[in-house]
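**Q** Following this line is structure.tsv, made up of TSV, C-alpha atoms:
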chain	number	residue	atom	x	y	z
A	1	MET	CA	73.66	6.11	-0.47
A	2	LYS	CA	75.08	2.72	-1.49
A	3	ARG	CA	72.25	2.29	-4.01
A	4	LEU	CA	72.87	5.76	-5.42
A	5	ALA	CA	76.58	4.93	-5.77
A	6	LEU	CA	75.67	1.81	-7.75
A	7	LEU	CA	73.49	3.85	-10.09
A	8	LEU	CA	76.25	6.41	-10.55
A	9	ALA	CA	78.64	3.61	-11.43
A	10	MET	CA	76.11	2.25	-13.95
A	11	PHE	CA	75.72	5.68	-15.59
A	12	PRO	CA	79.05	7.59	-15.46
A	13	ALA	CA	77.49	10.55	-17.29
A	14	LEU	CA	75.69	11.45	-14.07
A	15	ALA	CA	78.85	13.04	-12.80
A	16	ALA	CA	78.54	15.75	-15.44
A	17	ALA	CA	75.36	17.16	-13.91
A	18	GLN	CA	75.59	20.00	-11.43
A	19	ALA	CA	74.31	19.63	-7.89
A	20	ILE	CA	70.56	19.39	-7.35
A	21	GLU	CA	68.89	22.45	-5.87
A	22	SER	CA	66.10	22.02	-3.32
A	23	LEU	CA	63.04	24.22	-3.79
A	24	THR	CA	59.74	24.83	-2.03
A	25	LEU	CA	56.80	25.59	-4.30
A	26	ARG	CA	53.33	26.62	-3.15
A	27	ASN	CA	49.94	25.35	-4.24
A	28	MET	CA	47.55	27.52	-2.27
A	29	ASP	CA	48.16	26.48	1.37
A	30	VAL	CA	50.34	23.46	0.54
A	31	GLU	CA	54.11	23.65	0.39
A	32	VAL	CA	55.38	21.36	-2.35
A	33	PRO	CA	59.00	20.19	-2.05
A	34	ALA	CA	60.81	19.99	-5.37
A	35	GLU	CA	64.29	19.57	-6.74
A	36	LEU	CA	65.85	21.24	-9.75
A	37	ALA	CA	68.75	19.64	-11.59
A	38	ARG	CA	70.64	22.00	-13.86
A	39	PRO	CA	73.09	20.82	-16.53
A	40	ALA	CA	76.65	22.03	-16.63
A	41	GLY	CA	77.17	25.02	-18.90
A	42	ALA	CA	75.60	28.37	-19.54
A	43	GLY	CA	72.21	27.39	-20.94
A	44	PRO	CA	69.46	28.00	-21.75
A	45	PHE	CA	68.36	24.37	-21.41
A	46	PRO	CA	65.37	22.35	-22.63
A	47	PRO	CA	62.87	22.07	-19.74
A	48	LEU	CA	61.83	18.66	-18.44
A	49	LEU	CA	59.30	17.75	-15.75
A	50	PHE	CA	60.02	14.53	-13.82
A	51	ILE	CA	57.04	12.90	-12.06
A	52	HIS	CA	57.87	10.15	-9.61
A	53	ALA	CA	56.00	6.95	-8.77
A	54	ARG	CA	53.88	6.28	-5.69
A	55	ARG	CA	56.84	4.64	-3.96
A	56	GLY	CA	58.07	8.17	-3.27
A	57	TYR	CA	60.93	10.41	-4.35
A	58	GLU	CA	64.10	8.67	-3.19
A	59	GLU	CA	67.73	7.99	-4.11
A	60	GLU	CA	66.89	6.12	-7.30
A	61	GLU	CA	64.64	8.93	-8.54
A	62	ARG	CA	67.30	11.51	-7.74
A	63	ALA	CA	69.86	9.51	-9.72
A	64	HIS	CA	67.47	9.37	-12.69
A	65	VAL	CA	66.97	13.14	-12.48
A	66	ARG	CA	70.73	13.71	-12.40
A	67	GLU	CA	71.16	11.55	-15.46
A	68	LEU	CA	68.53	13.53	-17.36
A	69	ALA	CA	70.34	16.73	-16.39
A	70	ALA	CA	73.62	15.22	-17.60
A	71	GLN	CA	71.90	14.69	-20.96
A	72	GLY	CA	71.31	18.45	-21.10
A	73	PHE	CA	67.80	18.88	-19.66
A	74	LEU	CA	66.78	21.36	-16.98
A	75	VAL	CA	64.81	18.98	-14.74
A	76	MET	CA	62.12	19.96	-12.25
A	77	ALA	CA	61.06	17.12	-9.94
A	78	PRO	CA	58.19	17.84	-7.51
A	79	ASP	CA	57.49	15.50	-4.60
A	80	TRP	CA	53.70	15.17	-4.84
A	81	GLN	CA	53.53	13.07	-1.66
A	82	LYS	CA	55.65	14.80	0.95
A	83	GLY	CA	53.83	18.15	0.94
A	84	ARG	CA	50.55	16.43	1.83
A	85	LEU	CA	52.11	13.90	4.23
A	86	ILE	CA	51.08	11.00	1.98
A	87	ASP	CA	52.73	7.73	2.96
A	88	ARG	CA	54.66	5.65	0.45
A	89	TRP	CA	52.66	3.39	-1.85
A	90	PRO	CA	49.24	5.09	-1.65
A	91	VAL	CA	46.61	2.92	-3.29
A	92	ARG	CA	44.15	5.67	-4.15
A	93	HIS	CA	45.00	8.67	-6.29
A	94	ASP	CA	44.49	12.06	-4.63
A	95	PRO	CA	43.37	14.53	-7.36
A	96	ALA	CA	44.61	17.43	-5.22
A	97	THR	CA	48.17	16.30	-5.87
A	98	GLU	CA	47.69	17.08	-9.56
A	99	GLY	CA	47.75	20.75	-8.62
A	100	ASP	CA	51.03	20.22	-6.80
A	101	VAL	CA	52.56	18.81	-9.99
A	102	GLU	CA	51.06	21.62	-12.05
A	103	VAL	CA	52.70	24.34	-9.92
A	104	ALA	CA	56.01	22.61	-10.63
A	105	LEU	CA	55.24	22.85	-14.35
A	106	ASP	CA	54.55	26.57	-13.93
A	107	ALA	CA	57.77	27.04	-11.97
A	108	LEU	CA	59.75	25.21	-14.64
A	109	LEU	CA	58.28	27.31	-17.45
A	110	ALA	CA	59.19	30.46	-15.50
A	111	ARG	CA	62.83	29.54	-14.93
A	112	PRO	CA	65.11	32.05	-16.68
A	113	GLU	CA	67.55	29.30	-17.71
A	114	ALA	CA	64.79	27.30	-19.43
A	115	CYS	CA	64.35	27.57	-23.18
A	116	LYS	CA	61.03	29.06	-24.23
A	117	GLY	CA	58.36	26.64	-25.33
A	118	PRO	CA	56.62	23.50	-24.11
A	119	VAL	CA	58.26	21.01	-21.77
A	120	GLY	CA	58.98	17.33	-21.96
A	121	ILE	CA	57.71	15.00	-19.24
A	122	VAL	CA	59.26	11.82	-17.89
A	123	GLY	CA	56.89	9.90	-15.64
A	124	VAL	CA	57.41	6.69	-13.68
A	125	SER	CA	54.56	4.26	-12.88
A	126	ARG	CA	51.82	6.58	-11.57
A	127	GLY	CA	53.72	9.58	-12.90
A	128	PRO	CA	52.48	9.15	-16.49
A	129	TYR	CA	48.87	9.47	-15.28
A	130	TYR	CA	49.75	12.97	-14.05
A	131	ALA	CA	51.38	13.58	-17.44
A	132	LEU	CA	48.18	12.54	-19.26
A	133	ARG	CA	46.12	14.89	-17.13
A	134	LEU	CA	48.50	17.79	-17.73
A	135	ALA	CA	48.76	17.16	-21.47
A	136	ALA	CA	44.97	17.10	-21.78
A	137	LYS	CA	44.52	20.23	-19.69
A	138	ARG	CA	47.45	22.24	-21.09
A	139	PRO	CA	48.33	20.86	-24.54
A	140	GLN	CA	50.27	24.00	-25.42
A	141	ASP	CA	52.71	23.38	-22.56
A	142	VAL	CA	53.53	19.69	-23.10
A	143	ALA	CA	55.74	18.74	-26.05
A	144	ALA	CA	56.33	15.03	-25.39
A	145	ILE	CA	55.85	12.31	-22.77
A	146	VAL	CA	58.07	9.38	-21.79
A	147	SER	CA	56.31	6.75	-19.70
A	148	TYR	CA	58.10	4.13	-17.64
A	149	TYR	CA	55.55	1.30	-17.07
A	150	GLY	CA	52.94	3.97	-16.58
A	151	HIS	CA	49.32	4.17	-15.52
A	152	PHE	CA	47.17	4.85	-18.57
A	153	GLN	CA	44.00	4.58	-16.52
A	154	ASN	CA	42.73	6.48	-13.50
A	155	PRO	CA	44.13	4.57	-10.49
A	156	ASN	CA	40.76	5.03	-8.77
A	157	ALA	CA	38.80	3.43	-11.62
A	158	PRO	CA	37.10	0.07	-10.94
A	159	GLU	CA	39.02	-3.10	-11.80
A	160	PRO	CA	37.10	-3.85	-15.04
A	161	GLU	CA	38.06	-0.42	-16.37
A	162	GLN	CA	41.69	-1.04	-15.41
A	163	ILE	CA	41.66	-4.20	-17.53
A	164	TYR	CA	39.43	-3.32	-20.47
A	165	SER	CA	39.76	0.44	-20.91
A	166	PHE	CA	42.03	3.46	-20.57
A	167	ALA	CA	41.82	6.99	-19.22
A	168	PRO	CA	39.61	9.40	-21.19
A	169	GLU	CA	42.60	11.73	-21.53
A	170	VAL	CA	44.12	9.22	-23.97
A	171	VAL	CA	41.61	10.29	-26.62
A	172	ARG	CA	42.28	13.99	-26.00
A	173	ILE	CA	46.03	14.48	-25.79
A	174	ARG	CA	48.22	15.50	-28.72
A	175	ALA	CA	51.65	15.06	-27.14
A	176	PRO	CA	53.76	12.21	-28.57
A	177	VAL	CA	54.08	9.32	-26.10
A	178	LEU	CA	56.89	6.79	-25.67
A	179	MET	CA	55.89	3.78	-23.53
A	180	LEU	CA	58.67	1.76	-21.89
A	181	ILE	CA	57.60	-1.41	-20.08
A	182	GLY	CA	58.91	-4.86	-19.23
A	183	ALA	CA	57.39	-7.94	-20.84
A	184	ASP	CA	57.23	-9.51	-17.36
A	185	ASP	CA	55.44	-6.54	-15.77
A	186	PHE	CA	52.02	-7.13	-14.21
A	187	GLU	CA	49.45	-8.11	-16.79
A	188	VAL	CA	46.97	-5.36	-15.96
A	189	ARG	CA	49.65	-2.71	-16.53
A	190	ARG	CA	50.72	-4.25	-19.83
A	191	LEU	CA	47.08	-4.33	-20.95
A	192	SER	CA	46.43	-0.67	-20.19
A	193	ASN	CA	49.62	0.34	-21.99
A	194	ALA	CA	48.69	-1.77	-25.02
A	195	ARG	CA	45.14	-0.43	-25.24
A	196	ALA	CA	46.34	3.15	-24.90
A	197	PHE	CA	48.97	2.53	-27.58
A	198	TYR	CA	46.35	1.45	-30.13
A	199	ALA	CA	44.02	4.32	-29.22
A	200	LEU	CA	46.78	6.91	-29.64
A	201	TRP	CA	48.04	5.39	-32.89
A	202	GLU	CA	44.56	5.31	-34.42
A	203	ARG	CA	44.19	9.00	-33.66
A	204	GLY	CA	47.48	9.79	-35.39
A	205	VAL	CA	49.34	10.75	-32.21
A	206	PRO	CA	53.02	9.76	-32.46
A	207	VAL	CA	53.39	6.81	-30.11
A	208	GLU	CA	55.76	3.90	-29.64
A	209	LEU	CA	55.56	0.96	-27.25
A	210	GLN	CA	58.91	-0.55	-26.28
A	211	MET	CA	58.43	-3.92	-24.58
A	212	TYR	CA	61.55	-5.29	-22.91
A	213	PRO	CA	61.85	-9.11	-22.90
A	214	MET	CA	62.73	-10.69	-19.54
A	215	ALA	CA	62.20	-7.37	-17.72
A	216	ARG	CA	59.99	-6.91	-14.68
A	217	ARG	CA	58.25	-3.91	-13.09
A	218	ALA	CA	60.76	-1.24	-12.13
A	219	PHE	CA	63.44	-2.92	-14.25
A	220	ASP	CA	65.42	0.33	-14.35
A	221	PHE	CA	66.18	0.57	-10.64
A	222	ARG	CA	65.65	-2.87	-9.14
A	223	HIS	CA	68.22	-3.89	-6.51
A	224	ASP	CA	68.12	-7.42	-7.90
A	225	ALA	CA	68.28	-6.39	-11.56
A	226	THR	CA	69.23	-9.18	-13.94
A	227	PRO	CA	71.84	-8.66	-16.68
A	228	GLU	CA	68.98	-8.33	-19.17
A	229	GLU	CA	67.27	-5.66	-17.05
A	230	LYS	CA	70.49	-3.68	-16.82
A	231	VAL	CA	70.74	-3.69	-20.61
A	232	ALA	CA	67.05	-2.75	-20.85
A	233	THR	CA	67.73	0.21	-18.55
A	234	ARG	CA	70.54	1.53	-20.72
A	235	HIS	CA	68.42	1.06	-23.83
A	236	ALA	CA	65.42	2.80	-22.23
A	237	ARG	CA	67.47	5.80	-21.17
A	238	LEU	CA	68.76	6.28	-24.71
A	239	ARG	CA	65.32	5.80	-26.25
A	240	ALA	CA	63.87	8.35	-23.84
A	241	ARG	CA	66.57	10.88	-24.69
A	242	ASP	CA	66.09	10.45	-28.43
A	243	TRP	CA	62.30	10.71	-28.11
A	244	LEU	CA	62.53	13.95	-26.15
A	245	ASN	CA	65.13	15.42	-28.49
A	246	ARG	CA	62.94	14.62	-31.49
A	247	TYR	CA	59.60	15.88	-30.23
A	248	MET	CA	60.92	18.82	-28.24
A	249	ASN	CA	62.48	19.87	-31.58
A	250	LEU	CA	66.01	20.04	-30.22
A	251	THR	CA	69.19	20.26	-32.25
A	252	PRO	CA	71.35	17.15	-32.81
A	253	GLN	CA	73.38	18.41	-29.83
A	254	GLY	CA	70.27	18.42	-27.61
A	255	GLN	CA	69.90	22.20	-27.50
A	256	CYS	CA	66.75	24.25	-28.00
A	257	ARG	CA	66.19	25.82	-31.38
A	258	VAL	CA	64.11	28.58	-29.79
A	259	ARG	CA	65.83	30.21	-26.83
Take the structure from the file and write it as structure tokens.
**A**
Amino acid sequence: MKRLALLLAMFPALAAAQAIESLTLRNMDVEVPAELARPAGAGPFPPLLFIHARRGYEEEERAHVRELAAQGFLVMAPDWQKGRLIDRWPVRHDPATEGDVEVALDALLARPEACKGPVGIVGVSRGPYYALRLAAKRPQDVAAIVSYYGHFQNPNAPEPEQIYSFAPEVVRIRAPVLMLIGADDFEVRRLSNARAFYALWERGVPVELQMYPMARRAFDFRHDATPEEKVATRHARLRARDWLNRYMNLTPQGQCRVR
């Protein structure tokens, strides 16, 4: 709770979000825990899917979700690990968990307080790989993607492919992608982001790569964040908001044009 309090102090706007609601979704015989953060006000609200990293869904993720809700988004955040009893930091990607994330997308689209139309996705680390898969499979349902130091390659791919290539979904998706990554992140992650950036740009997909100087992996919630990483976090949050507002076709006030 101390870490959550620090994040709340860093982002005072979090206090404007209403309490998070706990949900249980179902993917066949698997119960998928999820949380829904609803903005203050009457709605309807632009729908946003939040996909956590392989470290798990914890206090820092919940604070991020609350901040997104404070910005005006209706945020659905499935826990793709807990329902399948997957320990923190799994090395291999379990394709079955993609269905658990997809049922959360379906639940979000069905919410009565969600504006009609495609959703935005914010993914962290491994989360953007799920976003790629969803955007390739259901292009009509994904309006835009924000990636925090994301996987742009199948985590199960051999090491040479991690270094020299990117996921095949990169050449199929149409959703605009904003990549946010620290300049001091691990080299293999920076390489996959860079290669995916060029591939998307050459195809005409709206894409931007924001590289933060002096910022490491997980710069936005590190307990030992440097002053530069704290500034990078604030900048990234604003960039993400503006990207989603633009490509979800929201009004200048962050509201849906189609309700």
**Q** Report, in Å to a single decimal, how far apart CA of Ala114 (chain A) and CA of Phe45 (chain A) are.
**A**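 Those two atoms sit 5.0 Å apart.
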**Q** Could you give me, as a ChimeraX atom specification, the residues that have an atom at most 10 Å away from the point (45.6, 19.9, -18.8) in the coordinates of the file, using only C-alpha atoms?
**A** /A:98,102,130-142,169,172-173
**Q** Do you know which residues are at most 10 Å from Ala107 (chain A) counting all atoms listed in the file, after dropping those on the same chain fewer than 3 positions away, and could you put them as a PyMOL selection string?
**A** chain A and resi 25-26+76+101-104+110-111
**Q** Please compute the CA of Phe186 (chain A)-CA of His223 (chain A) distance, one decimal, in Å.
**A**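 We find that CA of Phe186 (chain A) and CA of His223 (chain A) lie 18.2 Å from each other.
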**Q** Within 6 Å of (53.4, 15.3, -29.5), in the coordinates the file gives, what residues turn up when you count only C-alpha atoms, written out as JSON, numbers by chain?
**A** {"A": [143, 144, 174, 175, 176]}
**Q** Would you place a box with edges along x, y and z of the file around all atoms of region 239-242 of chain A listed there, add 6 Å to each of its six sides, and report the centre and edge lengths in Å to one decimal, as lines of an AutoDock Vina configuration file?
**A**
center_x = 65.2
center_y = 8.3
center_z = -26.1
size_x = 14.7
size_y = 17.1
size_z = 16.6
**Q** By how many Å are CA of Gly182 (chain A) and CA of Pro128 (chain A) apart?
**A** 15.7 Å
**Q** Rank A:His93, A:Arg55, A:Val65, A:Trp80 by their smallest atom-to-atom distance to Ala34 (chain A), using all atoms listed in the file, and report the top residue only.
**A**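 Of all the options, A:Trp80 lies closest to Ala34 (chain A).
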**Q** List the neighbours of Ile121 (chain A) out to 7 Å using only C-alpha atoms; skip same-chain residues closer than 4 positions along the sequence, and give me the result as number ranges by chain.
**A** A: 48-50, 131, 144-146
**Q** Please produce an output containing C-alpha atoms for each residue in the selection, written as a PDB file, in the coordinates of the input.
**A**
ATOM      1  CA  LEU A  48      61.830  18.660 -18.440  1.00  0.00           C
ATOM      2  CA  LEU A  49      59.300  17.750 -15.750  1.00  0.00           C
ATOM      3  CA  PHE A  50      60.020  14.530 -13.820  1.00  0.00           C
ATOM      4  CA  ALA A 131      51.380  13.580 -17.440  1.00  0.00           C
ATOM      5  CA  ALA A 144      56.330  15.030 -25.390  1.00  0.00           C
ATOM      6  CA  ILE A 145      55.850  12.310 -22.770  1.00  0.00           C
ATOM      7  CA  VAL A 146      58.070   9.380 -21.790  1.00  0.00           C
TER       8      VAL A 146
END
**Q** In terms of the shortest atom-to-atom distance over only C-alpha atoms, which of A:Ile20, A:Val75, A:Val205, A:Val91 is closest to Val119 (chain A)?
**A**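 The closest residue to Val119 (chain A) is A:Val75.
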**Q** Counting all atoms listed in the file, which residues in region 38-74 of chain A sit no more than 12 Å from region 150-161 of chain A? For each one, give the nearest pair of atoms and the distance in Å, sorted by chain then residue number, as a tab-separated table.
**A**
residue	atom	partner	partner_atom	distance
A:Ile51	CA	A:Gly150	CA	10.8
A:His52	CA	A:Gly150	CA	10.5
A:Ala53	CA	A:Gly150	CA	8.9
A:Arg54	CA	A:Pro155	CA	11.0
**Q** Using all atoms listed in the file, find the one residue out of A:Gly117, A:Gly83, A:Gly123, A:Pro33 that sits nearest to Ala240 (chain A).
**A** A:Gly123
**Q** Considering all atoms listed in the file, state which residue in the set A:Leu191, A:Cys115, A:Ile163, A:Ala70 is at the smallest distance from Val258 (chain A).
**A** A:Cys115
**Q** Under the rule that only C-alpha atoms are counted, which of A:Asp87, A:Asp79, A:Asp224, A:Glu208 is the nearest residue to Leu23 (chain A)?
**A**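 Residue with the minimum atom-to-atom distance to Leu23 (chain A): A:Asp79.
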**Q** For a quick check of understanding, using all atoms listed in the file, which of A:Ala225, A:Ala96, A:Leu178, A:Ala19 has the smallest distance to Arg237 (chain A)?
**A**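 Among the listed residues, the smallest separation from Arg237 (chain A) belongs to A:Leu178.
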**Q** Applying 8 Å and all atoms listed in the file, which residues near Gln71 (chain A) remain after dropping the ones on its own chain fewer than 3 positions away? List them as a VMD selection string.
**A** chain A and resid 13 39 67 to 68 241 254
**Q** Residues within 8 Å of Arg38 (chain A), please, as JSON, numbers by chain. Count only C-alpha atoms; anything in the same chain fewer than 2 positions from it doesn't count.
**A** {"A": [17, 18, 19, 20, 36, 40, 69, 73, 74, 75]}
**Q** Can region 173-184 of chain A be brought up to all heavy atoms and written out as a short mmCIF file (atom, residue, chain, number, x, y, z; two decimals), keeping the file's coordinate frame?
**A**
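Written output follows (result_15.cif):
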data_model
loop_
_atom_site.label_atom_id
_atom_site.label_comp_id
_atom_site.auth_asym_id
_atom_site.auth_seq_id
_atom_site.Cartn_x
_atom_site.Cartn_y
_atom_site.Cartn_z
N ILE A 173 44.70 13.88 -25.75
CA ILE A 173 46.03 14.48 -25.79
C ILE A 173 46.60 14.48 -27.21
O ILE A 173 46.22 13.67 -28.05
CB ILE A 173 47.01 13.78 -24.83
CG1 ILE A 173 47.30 12.35 -25.30
CG2 ILE A 173 46.48 13.78 -23.41
CD1 ILE A 173 48.45 11.70 -24.54
N ARG A 174 47.52 15.40 -27.44
CA ARG A 174 48.22 15.50 -28.72
C ARG A 174 49.71 15.22 -28.58
O ARG A 174 50.40 15.04 -29.58
CB ARG A 174 48.03 16.90 -29.31
CG ARG A 174 46.58 17.32 -29.53
CD ARG A 174 46.51 18.51 -30.46
NE ARG A 174 47.30 19.65 -29.99
CZ ARG A 174 46.81 20.68 -29.33
NH1 ARG A 174 45.51 20.73 -29.06
NH2 ARG A 174 47.58 21.69 -28.94
N ALA A 175 50.20 15.22 -27.37
CA ALA A 175 51.65 15.06 -27.14
C ALA A 175 52.11 13.66 -27.52
O ALA A 175 51.47 12.67 -27.15
CB ALA A 175 51.97 15.32 -25.67
N PRO A 176 53.20 13.52 -28.25
CA PRO A 176 53.76 12.21 -28.57
C PRO A 176 54.13 11.44 -27.30
O PRO A 176 54.64 12.03 -26.33
CB PRO A 176 55.00 12.54 -29.40
CG PRO A 176 54.72 13.90 -29.96
CD PRO A 176 53.95 14.61 -28.90
N VAL A 177 53.88 10.14 -27.30
CA VAL A 177 54.08 9.32 -26.10
C VAL A 177 55.00 8.13 -26.41
O VAL A 177 54.73 7.38 -27.35
CB VAL A 177 52.75 8.80 -25.54
CG1 VAL A 177 52.99 7.96 -24.29
CG2 VAL A 177 51.79 9.95 -25.24
N LEU A 178 56.05 7.98 -25.61
CA LEU A 178 56.89 6.79 -25.67
C LEU A 178 56.61 5.96 -24.43
O LEU A 178 56.77 6.43 -23.30
CB LEU A 178 58.37 7.19 -25.71
CG LEU A 178 59.38 6.03 -25.60
CD1 LEU A 178 59.25 5.08 -26.80
CD2 LEU A 178 60.80 6.57 -25.47
N MET A 179 56.19 4.69 -24.63
CA MET A 179 55.89 3.78 -23.53
C MET A 179 57.03 2.78 -23.39
O MET A 179 57.39 2.11 -24.35
CB MET A 179 54.59 3.03 -23.81
CG MET A 179 53.39 3.89 -24.03
SD MET A 179 51.97 2.86 -24.51
CE MET A 179 50.68 4.11 -24.57
N LEU A 180 57.59 2.68 -22.20
CA LEU A 180 58.67 1.76 -21.89
C LEU A 180 58.19 0.82 -20.79
O LEU A 180 57.83 1.28 -19.70
CB LEU A 180 59.91 2.52 -21.42
CG LEU A 180 60.42 3.61 -22.37
CD1 LEU A 180 61.44 4.50 -21.66
CD2 LEU A 180 61.04 3.00 -23.62
N ILE A 181 58.16 -0.48 -21.05
CA ILE A 181 57.60 -1.41 -20.08
C ILE A 181 58.23 -2.79 -20.26
O ILE A 181 58.60 -3.18 -21.38
CB ILE A 181 56.07 -1.48 -20.21
CG1 ILE A 181 55.44 -2.26 -19.05
CG2 ILE A 181 55.64 -2.04 -21.56
CD1 ILE A 181 53.93 -2.12 -18.97
N GLY A 182 58.36 -3.52 -19.17
CA GLY A 182 58.91 -4.86 -19.23
C GLY A 182 57.87 -5.89 -19.65
O GLY A 182 56.69 -5.79 -19.28
N ALA A 183 58.31 -6.88 -20.40
CA ALA A 183 57.39 -7.94 -20.84
C ALA A 183 56.91 -8.78 -19.68
O ALA A 183 55.87 -9.46 -19.78
CB ALA A 183 58.09 -8.83 -21.87
N ASP A 184 57.63 -8.76 -18.54
CA ASP A 184 57.23 -9.51 -17.36
C ASP A 184 56.61 -8.61 -16.30
O ASP A 184 56.53 -9.00 -15.12
CB ASP A 184 58.43 -10.26 -16.78
CG ASP A 184 58.92 -11.37 -17.70
OD1 ASP A 184 58.15 -11.81 -18.57
OD2 ASP A 184 60.09 -11.78 -17.56
#
